[in-house]
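Structure file input.csv with CSV, C-alpha atoms:
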```
chain,number,residue,atom,x,y,z
A,1,MET,CA,-0.2,11.6,7.2
A,2,ILE,CA,-2.2,10.5,10.2
A,3,VAL,CA,-0.2,8.4,12.6
A,4,ALA,CA,-1.8,5.8,14.9
A,5,ASP,CA,-0.8,2.8,16.9
A,6,ARG,CA,-2.6,-0.4,17.9
A,7,LYS,CA,-4.6,-0.8,21.0
A,8,SER,CA,-3.5,-3.7,23.2
A,9,VAL,CA,-5.0,-7.1,22.3
A,10,PRO,CA,-6.8,-7.5,25.7
A,11,GLU,CA,-8.4,-4.1,25.2
A,12,ILE,CA,-9.8,-4.9,21.7
A,13,ARG,CA,-10.7,-8.4,22.9
A,14,ASP,CA,-12.8,-7.0,25.8
A,15,MET,CA,-14.6,-4.6,23.4
A,16,ILE,CA,-15.6,-7.3,21.0
A,17,LYS,CA,-16.1,-10.4,23.2
A,18,LYS,CA,-19.8,-9.9,23.5
A,19,HIS,CA,-20.3,-10.4,19.8
A,20,ASN,CA,-20.3,-13.6,17.8
A,21,ARG,CA,-19.0,-12.5,14.4
A,22,VAL,CA,-16.5,-9.7,14.1
A,23,LEU,CA,-15.0,-8.2,10.9
A,24,LEU,CA,-11.6,-6.5,11.3
A,25,VAL,CA,-11.3,-3.8,8.6
A,26,GLY,CA,-7.9,-2.5,7.7
A,27,CYS,CA,-7.3,0.7,5.8
A,28,GLY,CA,-4.9,1.0,2.9
A,29,THR,CA,-3.8,4.6,3.4
A,30,CYS,CA,-2.1,6.4,6.3
A,31,VAL,CA,-2.3,3.6,8.8
A,32,THR,CA,-0.8,1.2,6.3
A,33,VAL,CA,2.2,3.5,5.9
A,34,CYS,CA,2.6,3.9,9.7
A,35,LEU,CA,2.4,0.1,10.1
A,36,ALA,CA,-0.7,0.2,12.4
A,37,GLY,CA,-3.7,-0.8,10.5
A,38,GLY,CA,-2.8,-2.2,7.0
A,39,GLU,CA,-3.4,-5.6,5.5
A,40,ARG,CA,-0.5,-7.2,7.4
A,41,GLU,CA,-1.5,-5.7,10.7
A,42,ALA,CA,-5.1,-6.7,10.3
A,43,GLY,CA,-3.9,-10.3,9.7
A,44,ILE,CA,-1.7,-10.2,12.8
A,45,LEU,CA,-4.4,-8.7,15.0
A,46,GLY,CA,-6.9,-11.2,13.7
A,47,SER,CA,-4.7,-14.1,14.6
A,48,ALA,CA,-3.9,-12.6,18.0
A,49,LEU,CA,-7.6,-12.0,18.7
A,50,ARG,CA,-8.7,-15.5,17.8
A,51,MET,CA,-6.1,-16.9,20.1
A,52,SER,CA,-6.9,-14.5,22.9
A,53,LEU,CA,-10.6,-15.2,22.6
A,54,LYS,CA,-10.1,-18.9,22.7
A,55,LEU,CA,-8.0,-18.6,25.9
A,56,ILE,CA,-10.9,-16.9,27.7
A,57,GLY,CA,-13.4,-19.5,26.5
A,58,ARG,CA,-14.8,-17.5,23.5
A,59,GLY,CA,-13.2,-19.6,20.8
A,60,ASP,CA,-16.6,-19.6,19.1
A,61,VAL,CA,-16.3,-16.0,18.1
A,62,VAL,CA,-15.6,-15.6,14.4
A,63,VAL,CA,-12.9,-13.0,13.6
A,64,ASP,CA,-12.3,-12.3,9.9
A,65,GLU,CA,-10.1,-9.7,8.3
A,66,CYS,CA,-10.3,-7.5,5.2
A,67,LEU,CA,-8.8,-4.3,3.8
A,68,ILE,CA,-10.4,-1.4,2.1
A,69,GLU,CA,-8.4,1.2,0.2
A,70,ARG,CA,-9.7,4.2,2.2
A,71,GLN,CA,-12.0,4.1,5.2
A,72,CYS,CA,-12.7,7.8,5.3
A,73,GLU,CA,-14.6,7.9,2.0
A,74,ASP,CA,-18.0,6.4,1.3
A,75,ALA,CA,-17.1,5.4,-2.2
A,76,PHE,CA,-14.4,3.1,-0.9
A,77,ILE,CA,-16.6,1.8,2.0
A,78,ASP,CA,-19.3,0.6,-0.4
A,79,ILE,CA,-17.2,-2.5,-1.2
A,80,LEU,CA,-17.8,-3.7,2.4
A,81,ALA,CA,-21.6,-3.4,2.2
A,82,PRO,CA,-22.4,-6.9,0.9
A,83,ARG,CA,-20.3,-8.5,3.6
A,84,VAL,CA,-21.3,-6.5,6.6
A,85,GLY,CA,-24.6,-8.2,7.1
A,86,GLU,CA,-22.7,-11.4,7.9
A,87,TYR,CA,-21.2,-9.8,11.0
A,88,ASP,CA,-22.6,-8.3,14.2
A,89,ALA,CA,-19.6,-6.0,14.8
A,90,ILE,CA,-16.8,-4.3,13.0
A,91,CYS,CA,-13.4,-3.4,14.5
A,92,SER,CA,-11.9,-0.7,12.4
A,93,LEU,CA,-8.1,-0.4,12.0
A,94,GLY,CA,-8.5,3.0,10.5
A,95,CYS,CA,-8.0,6.4,12.2
A,96,GLY,CA,-10.8,8.0,14.1
A,97,ALA,CA,-12.2,9.4,10.9
A,98,GLY,CA,-12.3,5.9,9.4
A,99,VAL,CA,-14.1,4.4,12.5
A,100,GLN,CA,-16.7,7.1,12.4
A,101,ALA,CA,-17.2,6.9,8.6
A,102,LEU,CA,-17.9,3.1,9.0
A,103,ALA,CA,-20.3,3.8,11.9
A,104,GLU,CA,-22.2,6.4,9.8
A,105,ARG,CA,-22.3,4.0,6.8
A,106,PHE,CA,-23.5,1.0,8.8
A,107,PRO,CA,-25.9,2.3,11.4
A,108,ASN,CA,-27.1,-1.1,12.5
A,109,THR,CA,-23.7,-2.6,13.1
A,110,ALA,CA,-21.5,-2.0,16.2
A,111,VAL,CA,-18.2,-0.4,15.3
A,112,TYR,CA,-15.1,-0.4,17.5
A,113,PRO,CA,-11.7,1.3,17.2
A,114,GLY,CA,-8.7,-1.0,17.0
A,115,LEU,CA,-6.2,1.9,17.0
A,116,ASN,CA,-5.4,5.0,19.0
A,117,THR,CA,-5.1,7.8,16.5
A,118,GLN,CA,-2.1,9.9,17.5
A,119,PHE,CA,-1.3,12.9,15.3
A,120,ILE,CA,-0.5,14.3,11.9
A,121,GLY,CA,3.1,13.6,11.4
A,122,ILE,CA,5.9,12.3,9.2
A,123,LEU,CA,8.2,9.3,9.0
A,124,GLU,CA,11.4,10.5,10.8
A,125,SER,CA,13.3,7.3,10.3
A,126,GLN,CA,12.4,3.7,9.7
A,127,GLY,CA,9.8,2.8,12.4
A,128,VAL,CA,9.8,6.3,14.0
A,129,TRP,CA,7.0,8.9,13.4
A,130,THR,CA,7.0,12.4,14.7
A,131,GLU,CA,4.2,14.9,15.1
A,132,LYS,CA,4.5,18.0,12.9
A,133,CYS,CA,1.1,19.6,12.6
A,134,ALA,CA,-1.6,20.4,15.1
A,135,GLY,CA,-4.3,21.0,12.5
A,136,CYS,CA,-5.1,24.4,14.0
A,137,GLY,CA,-6.9,25.7,11.0
A,138,ALA,CA,-4.9,28.9,10.8
A,139,CYS,CA,-1.4,27.9,9.5
A,140,ARG,CA,1.4,30.3,10.4
A,141,LEU,CA,4.3,28.4,9.2
A,142,GLY,CA,5.2,31.3,6.9
A,143,GLU,CA,6.0,33.4,10.0
A,144,PHE,CA,8.3,30.8,11.5
A,145,VAL,CA,10.5,29.7,8.6
A,146,GLY,CA,8.5,26.5,8.0
A,147,ILE,CA,8.7,25.1,11.6
A,148,CYS,CA,5.5,25.1,13.6
A,149,PRO,CA,6.0,26.4,17.1
A,150,LEU,CA,2.5,25.2,18.1
A,151,THR,CA,3.5,21.7,17.4
A,152,ARG,CA,7.3,21.6,17.9
A,153,CYS,CA,7.5,23.8,21.1
A,154,ALA,CA,6.4,21.8,24.1
A,155,LYS,CA,4.8,25.0,25.5
A,156,ARG,CA,3.3,26.2,22.2
A,157,LEU,CA,5.0,29.5,22.5
A,158,LEU,CA,4.7,31.9,19.6
A,159,ASN,CA,7.3,34.2,21.0
A,160,GLY,CA,10.1,31.9,22.1
A,161,PRO,CA,12.4,30.5,23.2
A,162,CYS,CA,11.7,30.3,26.9
A,163,GLY,CA,14.3,30.0,29.6
A,164,GLY,CA,14.0,26.2,29.5
A,165,SER,CA,16.0,25.9,26.3
A,166,ARG,CA,19.5,24.4,26.9
A,167,ASP,CA,21.9,23.4,24.2
A,168,GLY,CA,19.1,22.9,21.8
A,169,GLN,CA,17.2,20.7,24.2
A,170,CYS,CA,13.8,21.4,25.8
A,171,GLU,CA,13.5,21.2,29.6
A,172,VAL,CA,10.1,19.4,29.3
A,173,ARG,CA,11.4,16.0,28.3
A,174,GLU,CA,14.8,14.4,27.8
A,175,GLY,CA,15.7,14.1,24.1
A,176,LEU,CA,13.1,16.6,23.0
A,177,GLU,CA,14.5,19.2,20.7
A,178,CYS,CA,13.7,22.9,21.5
A,179,GLY,CA,11.3,24.0,18.7
A,180,TRP,CA,12.5,27.5,19.0
A,181,GLN,CA,16.2,26.5,18.6
A,182,LEU,CA,15.2,24.8,15.4
A,183,ILE,CA,13.3,28.0,14.2
A,184,TYR,CA,16.3,30.2,15.2
A,185,ASP,CA,18.9,27.9,13.4
A,186,ARG,CA,16.8,27.7,10.2
A,187,ALA,CA,16.2,31.5,10.2
A,188,LYS,CA,19.9,32.0,10.6
A,189,ALA,CA,20.7,29.7,7.8
A,190,LEU,CA,18.2,31.5,5.5
A,191,GLY,CA,19.6,34.9,6.6
A,192,VAL,CA,16.2,36.0,7.9
A,193,LEU,CA,16.9,36.3,11.6
A,194,ASP,CA,15.4,39.8,11.6
A,195,SER,CA,12.0,38.2,10.8
A,196,LEU,CA,12.0,36.9,14.3
A,197,GLU,CA,12.3,40.3,15.9
A,198,ALA,CA,8.6,41.1,15.3
A,199,MET,CA,6.2,40.1,18.1
A,200,ALA,CA,4.0,37.3,16.9
A,201,ALA,CA,0.3,37.9,17.4
A,202,PRO,CA,-1.7,35.5,19.6
A,203,GLN,CA,-3.1,32.4,17.8
A,204,ASP,CA,-6.7,32.7,16.7
A,205,TRP,CA,-8.0,29.5,18.2
A,206,SER,CA,-11.5,30.1,16.9
A,207,THR,CA,-10.5,28.0,13.9
A,208,SER,CA,-9.7,25.0,16.2
A,209,LEU,CA,-11.2,23.3,19.2
A,210,ASP,CA,-14.2,25.7,18.9
A,211,GLY,CA,-17.7,25.5,17.7
A,212,GLY,CA,-17.9,21.7,17.1
A,213,PRO,CA,-16.6,19.8,14.2
A,214,ARG,CA,-15.1,22.0,11.5
A,215,LYS,CA,-16.1,21.7,7.9
A,216,VAL,CA,-14.4,22.7,4.6
A,217,ILE,CA,-16.9,23.5,1.8
A,218,ARG,CA,-16.0,24.0,-1.9
A,219,GLU,CA,-19.3,25.2,-3.3
A,220,ASP,CA,-18.0,25.0,-6.9
A,221,GLN,CA,-17.4,21.3,-6.4
A,222,CYS,CA,-20.7,20.5,-4.6
A,223,ILE,CA,-23.3,18.6,-6.7
A,224,ALA,CA,-26.8,20.1,-6.7
A,225,GLY,CA,-29.1,18.2,-4.3
A,226,MET,CA,-26.1,16.6,-2.6
A,227,GLY,CA,-24.8,19.7,-1.1
A,228,PRO,CA,-23.4,20.1,2.4
A,229,LYS,CA,-25.6,19.5,5.4
A,230,ALA,CA,-26.6,22.7,7.2
B,1,MET,CA,2.3,-39.7,22.0
B,2,GLU,CA,-0.6,-37.3,21.9
B,3,ASN,CA,1.0,-35.2,24.6
B,4,LYS,CA,4.5,-35.0,23.1
B,5,PRO,CA,5.3,-31.4,22.3
B,6,VAL,CA,5.2,-30.2,18.7
B,7,ILE,CA,7.8,-27.6,17.9
B,8,VAL,CA,8.0,-25.8,14.6
B,9,ALA,CA,11.5,-24.6,13.6
B,10,PHE,CA,11.7,-21.9,11.0
B,11,CYS,CA,15.2,-22.5,9.6
B,12,CYS,CA,17.3,-20.4,7.3
B,13,HIS,CA,18.3,-22.3,4.1
B,14,TYR,CA,22.0,-21.2,4.5
B,15,CYS,CA,22.6,-22.2,8.1
B,16,ALA,CA,20.1,-23.9,10.4
B,17,TYR,CA,18.6,-26.0,7.6
B,18,ALA,CA,22.0,-27.3,6.6
B,19,ALA,CA,22.9,-27.8,10.3
B,20,ALA,CA,19.8,-29.9,10.7
B,21,ASP,CA,20.9,-31.9,7.7
B,22,LEU,CA,24.3,-32.3,9.2
B,23,ALA,CA,22.8,-33.4,12.5
B,24,GLY,CA,21.1,-36.2,10.6
B,25,THR,CA,24.3,-37.1,8.7
B,26,LEU,CA,26.2,-37.3,11.9
B,27,ARG,CA,23.5,-39.6,13.3
B,28,LEU,CA,23.0,-37.3,16.3
B,29,GLN,CA,20.0,-38.2,18.5
B,30,TYR,CA,17.6,-35.4,19.4
B,31,PRO,CA,13.9,-35.4,20.3
B,32,ASP,CA,11.5,-36.1,17.4
B,33,THR,CA,9.4,-33.1,18.5
B,34,VAL,CA,10.6,-30.7,15.9
B,35,ARG,CA,9.2,-30.0,12.4
B,36,VAL,CA,11.6,-28.1,10.2
B,37,LEU,CA,10.3,-25.4,7.8
B,38,ARG,CA,12.9,-24.0,5.4
B,39,LEU,CA,13.0,-20.3,4.7
B,40,PRO,CA,15.4,-18.5,2.2
B,41,CYS,CA,16.5,-16.4,5.2
B,42,THR,CA,15.1,-15.7,8.6
B,43,GLY,CA,14.6,-12.2,7.3
B,44,LYS,CA,11.7,-13.7,5.5
B,45,ILE,CA,9.9,-14.2,8.8
B,46,GLU,CA,7.0,-12.0,9.6
B,47,VAL,CA,5.1,-11.8,12.9
B,48,ASN,CA,2.1,-13.3,11.2
B,49,TYR,CA,4.0,-16.5,10.3
B,50,LEU,CA,4.9,-17.0,13.9
B,51,LEU,CA,1.4,-16.3,15.1
B,52,ALA,CA,0.0,-18.6,12.4
B,53,ALA,CA,2.0,-21.5,13.9
B,54,PHE,CA,0.7,-20.8,17.4
B,55,GLU,CA,-2.9,-20.4,16.2
B,56,ARG,CA,-2.7,-23.8,14.6
B,57,GLY,CA,-1.8,-25.3,18.0
B,58,VAL,CA,1.9,-25.9,18.0
B,59,ASP,CA,3.5,-25.9,21.5
B,60,GLY,CA,6.7,-24.0,20.6
B,61,VAL,CA,8.4,-22.2,17.8
B,62,ILE,CA,12.1,-21.9,17.0
B,63,VAL,CA,13.5,-19.4,14.6
B,64,ALA,CA,17.0,-20.4,13.7
B,65,GLY,CA,19.2,-18.1,11.6
B,66,CYS,CA,22.8,-17.4,10.8
B,67,LEU,CA,25.4,-16.2,13.3
B,68,GLU,CA,25.1,-12.4,13.8
B,69,GLY,CA,27.3,-10.8,11.1
B,70,GLY,CA,27.1,-13.9,8.9
B,71,CYS,CA,23.7,-13.4,7.2
B,72,HIS,CA,23.7,-14.2,3.5
B,73,PHE,CA,21.5,-11.2,3.0
B,74,GLN,CA,23.5,-8.8,5.3
B,75,GLU,CA,21.0,-8.3,8.1
B,76,GLY,CA,18.0,-10.7,7.6
B,77,ASN,CA,18.8,-12.4,10.9
B,78,LEU,CA,19.0,-9.1,12.8
B,79,ARG,CA,15.6,-8.1,11.4
B,80,ALA,CA,14.2,-11.5,12.4
B,81,ARG,CA,15.4,-11.1,15.9
B,82,ARG,CA,13.5,-7.8,16.2
B,83,ARG,CA,10.3,-9.4,14.8
B,84,VAL,CA,10.7,-12.4,17.1
B,85,GLU,CA,10.8,-9.9,20.0
B,86,ARG,CA,7.6,-8.2,18.7
B,87,ALA,CA,5.9,-11.5,18.4
B,88,ARG,CA,6.9,-12.5,22.0
B,89,GLN,CA,5.4,-9.2,23.2
B,90,LEU,CA,2.2,-10.1,21.3
B,91,LEU,CA,2.1,-13.6,22.8
B,92,GLY,CA,2.2,-12.0,26.2
B,93,GLU,CA,-0.8,-9.8,25.3
B,94,ILE,CA,-2.6,-12.8,24.0
B,95,GLY,CA,-2.0,-14.8,27.2
B,96,LEU,CA,0.5,-17.3,25.9
B,97,GLU,CA,3.9,-17.7,27.5
B,98,PRO,CA,6.5,-15.7,25.4
B,99,GLU,CA,9.1,-18.4,26.3
B,100,ARG,CA,7.3,-20.7,23.7
B,101,LEU,CA,9.1,-18.7,21.0
B,102,GLU,CA,12.9,-18.3,20.8
B,103,MET,CA,15.4,-17.3,18.2
B,104,PHE,CA,18.8,-19.0,17.9
B,105,ASN,CA,21.8,-18.3,15.8
B,106,LEU,CA,24.1,-21.0,14.4
B,107,SER,CA,26.2,-21.8,11.4
B,108,SER,CA,25.7,-24.6,8.9
B,109,ALA,CA,28.6,-26.5,10.4
B,110,GLU,CA,26.9,-26.7,13.8
B,111,GLY,CA,24.9,-29.9,13.5
B,112,THR,CA,25.6,-30.6,17.2
B,113,ARG,CA,24.3,-27.2,18.2
B,114,PHE,CA,21.1,-27.8,16.2
B,115,ALA,CA,20.5,-31.0,18.2
B,116,GLU,CA,21.2,-29.1,21.5
B,117,ILE,CA,18.7,-26.4,20.5
B,118,VAL,CA,16.0,-28.9,19.8
B,119,THR,CA,16.7,-30.7,23.1
B,120,GLU,CA,16.7,-27.4,25.0
B,121,MET,CA,13.4,-26.2,23.5
B,122,THR,CA,11.8,-29.6,24.0
B,123,LYS,CA,12.7,-29.5,27.7
B,124,ARG,CA,11.4,-26.0,28.1
B,125,ILE,CA,8.1,-26.8,26.4
B,126,GLU,CA,7.7,-29.9,28.5
B,127,GLN,CA,8.0,-27.8,31.6
B,128,LEU,CA,5.5,-25.2,30.2
B,129,GLY,CA,3.1,-28.0,29.2
B,130,PRO,CA,1.0,-28.3,26.0
B,131,SER,CA,-0.2,-25.1,24.4
B,132,PRO,CA,-3.7,-24.2,25.6
B,133,LEU,CA,-4.6,-23.7,22.0
B,134,ARG,CA,-3.6,-27.3,21.2
B,135,ARG,CA,-5.9,-29.3,19.0
B,136,THR,CA,-5.6,-33.0,18.0
B,137,ARG,CA,-2.1,-34.1,17.0
B,138,ASP,CA,-3.4,-34.9,13.5
B,139,HIS,CA,-4.8,-31.4,13.1
B,140,VAL,CA,-1.5,-29.8,14.2
B,141,GLU,CA,0.5,-32.1,11.8
B,142,ARG,CA,-1.8,-31.2,8.9
B,143,SER,CA,-1.5,-27.5,9.7
B,144,ILE,CA,2.3,-27.7,9.8
B,145,ALA,CA,2.3,-29.5,6.4
B,146,GLU,CA,0.3,-26.5,5.1
B,147,LEU,CA,2.7,-24.0,6.6
B,148,SER,CA,5.6,-25.9,5.2
B,149,ALA,CA,4.1,-25.9,1.7
B,150,GLN,CA,3.6,-22.2,2.0
B,151,ALA,CA,7.2,-21.7,3.0
B,152,GLU,CA,8.4,-23.8,0.0
B,153,GLN,CA,6.2,-21.7,-2.3
B,154,ALA,CA,7.9,-18.6,-0.8
B,155,ILE,CA,11.3,-20.0,-1.6
B,156,ALA,CA,10.1,-20.9,-5.1
B,157,GLY,CA,8.9,-17.3,-5.5
B,158,GLU,CA,12.4,-16.0,-4.5
B,159,ARG,CA,14.0,-18.1,-7.2
B,160,LYS,CA,11.8,-16.8,-10.0
```

Would you mind writing the file out in structure tokens?
Amino acid sequence: MIVADRKSVPEIRDMIKKHNRVLLVGCGTCVTVCLAGGEREAGILGSALRMSLKLIGRGDVVVDECLIERQCEDAFIDILAPRVGEYDAICSLGCGAGVQALAERFPNTAVYPGLNTQFIGILESQGVWTEKCAGCGACRLGEFVGICPLTRCAKRLLNGPCGGSRDGQCEVREGLECGWQLIYDRAKALGVLDSLEAMAAPQDWSTSLDGGPRKVIREDQCIAGMGPKA
Amino acid sequence: MENKPVIVAFCCHYCAYAAADLAGTLRLQYPDTVRVLRLPCTGKIEVNYLLAAFERGVDGVIVAGCLEGGCHFQEGNLRARRRVERARQLLGEIGLEPERLEMFNLSSAEGTRFAEIVTEMTKRIEQLGPSPLRRTRDHVERSIAELSAQAEQAIAGERK
């Protein structure tokens, strides 16, 4: 899932303070699970913002909260449409995709982000999330026994480990596991250590961070007349 | 009268609420600044409950749970302590003094301790002064009555 965390109350307050009516929109998917932008967090932030605005003399600003099931899809955003006219700004508690989806859907309303979108990751333990996927567009987990060196190795080495690996720990940061130690241990457990003897080819970065926003198109699923924009 | 602090105490049914009752039975004197809200356990506390009290203009909030290791629900009071810490951090971001919120642990036999806690928090709030979000006393009292009714509904929900 996409993992995010909340911007500070003063940062959000300063973004919205020039408006008079602000709608905080939570999202019911990833950011609810990572406890950053769900219904409860929207309620907490709404309460915090109203108090903070009052303390800087803007107690007249109306801050309301609501939740939509999924901010990154128009069909779910539609439910907001009748309400948005009552507000002059939206503060989205969705990920970056959600914020931009709301901005596209409501071109005449200011839209601000309430969260910092961090990464694609998993719940490691209660309250702890860890990055697992860089979204590179050319997955090579099959070559590395299911552990991604691009994400898990601090140096993104495809032919590791480097000399900074000590007792399973990475030299880059204390407490950081060496991604290549994890790959080695898992390959050993699976009895496929020899698979690591081959030199891994350089990553093809043309599928990532290149050529503007990427698009996935399933032509068999596209509806005639509503196809993808060129 | 208008400037006297108003403190909300979220009290666990199994300890602090009984301790408050005992303080009354013992005829102990303590400031009439506190409004007691009963919860089935301090583990029922969420950050938004605490902020709701401050948003309604109360000057201070006490969360009073069982002694550590003595929670009726194993670790509700330990969870409450972490949530109180989170709320204190948020109060700092908002611009309110985090000291207006404090968690205490006591047993149901400690009526005297309950009176001490209320006295201690009242002194602290008097030093800090009224909350800058303070509205009229009537408004605050009405808001607390609403919060109290919500807390009682929460308990009724637990019993179903």

If we count only C-alpha atoms and set the cut-off at 8 Å, which residues sit around Arg35 in chain B, ignoring sequence neighbours fewer than 3 positions away in its own chain? Please answer as number ranges by chain. B: 6-9, 144

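Across the structure, CA of Cys170 in chain A and CA of Cys34 in chain A are spaced 26.3 Å apart.
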
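With all atoms listed in the file taken into account, chain A has Ser8, Val9, Pro10, Glu11, Arg13, Arg40, Glu41, Ala42, Gly43, Ile44, Leu45, Gly46, Ser47, Ala48, Leu49, Arg50, Met51, Ser52, Leu53, Lys54, Leu55, Ile56 and Gly59 of chain A at most 10 Å from chain B.
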
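Taking all atoms listed in the file into account, Gly76 in chain B lies nearest to B:Cys41 out of the set B:Ile125, B:Cys41, B:Ala19, B:Leu147.
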
Could you pull out every residue with an atom within 7 Å of (14.3, -20.4, 3.6), file coordinates, counting all atoms listed in the file, and send them as a ChimeraX atom specification? /B:11-13,38-42,155

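CA of Ala23 in chain B is positioned 24.2 Å from CA of Phe73 in chain B.
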
So the first atom is CA of Ser107 in chain B and the second is CA of Asp59 in chain B; what is the distance between them in Å, to one decimal place? 25.2 Å

Extract, using only C-alpha atoms, all DNA, RNA and protein residues at most 8 Å from range 142-158 of chain A, discarding same-chain residues fewer than 3 positions from it, and format them as a VMD selection string. chain A and resid 131 to 134 139 161 170 172 178 to 180 182 to 183 186 to 187 195 to 196 200 to 202

What would the list of residues within 12 Å of (24.3, -14.5, 6.0) (file frame) look like as a CSV table (one decimal) with C-alpha atoms, in the frame of the given file, if only C-alpha atoms are what count?
```
chain,number,residue,atom,x,y,z
B,12,CYS,CA,17.3,-20.4,7.3
B,13,HIS,CA,18.3,-22.3,4.1
B,14,TYR,CA,22.0,-21.2,4.5
B,15,CYS,CA,22.6,-22.2,8.1
B,16,ALA,CA,20.1,-23.9,10.4
B,40,PRO,CA,15.4,-18.5,2.2
B,41,CYS,CA,16.5,-16.4,5.2
B,42,THR,CA,15.1,-15.7,8.6
B,43,GLY,CA,14.6,-12.2,7.3
B,65,GLY,CA,19.2,-18.1,11.6
B,66,CYS,CA,22.8,-17.4,10.8
B,67,LEU,CA,25.4,-16.2,13.3
B,68,GLU,CA,25.1,-12.4,13.8
B,69,GLY,CA,27.3,-10.8,11.1
B,70,GLY,CA,27.1,-13.9,8.9
B,71,CYS,CA,23.7,-13.4,7.2
B,72,HIS,CA,23.7,-14.2,3.5
B,73,PHE,CA,21.5,-11.2,3.0
B,74,GLN,CA,23.5,-8.8,5.3
B,75,GLU,CA,21.0,-8.3,8.1
B,76,GLY,CA,18.0,-10.7,7.6
B,77,ASN,CA,18.8,-12.4,10.9
B,78,LEU,CA,19.0,-9.1,12.8
B,105,ASN,CA,21.8,-18.3,15.8
B,106,LEU,CA,24.1,-21.0,14.4
B,107,SER,CA,26.2,-21.8,11.4
B,108,SER,CA,25.7,-24.6,8.9
```

Name the residues in contact with Glu69 in chain A at a cut-off of 7 Å, using only C-alpha atoms, excluding same-chain residues fewer than 3 positions from it; report them as an MDAnalysis selection string. chainID A and resid 27:29 76

Would you save the residues of that selection, restricted to C-alpha atoms, as an mmCIF file, in the frame of the given file?
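So the final result, stored in again_7.cif, reads:
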```
data_model
loop_
_atom_site.group_PDB
_atom_site.id
_atom_site.type_symbol
_atom_site.label_atom_id
_atom_site.label_comp_id
_atom_site.auth_asym_id
_atom_site.auth_seq_id
_atom_site.Cartn_x
_atom_site.Cartn_y
_atom_site.Cartn_z
ATOM 1 C CA CYS A 27 -7.300 0.700 5.800
ATOM 2 C CA GLY A 28 -4.900 1.000 2.900
ATOM 3 C CA THR A 29 -3.800 4.600 3.400
ATOM 4 C CA PHE A 76 -14.400 3.100 -0.900
#
```
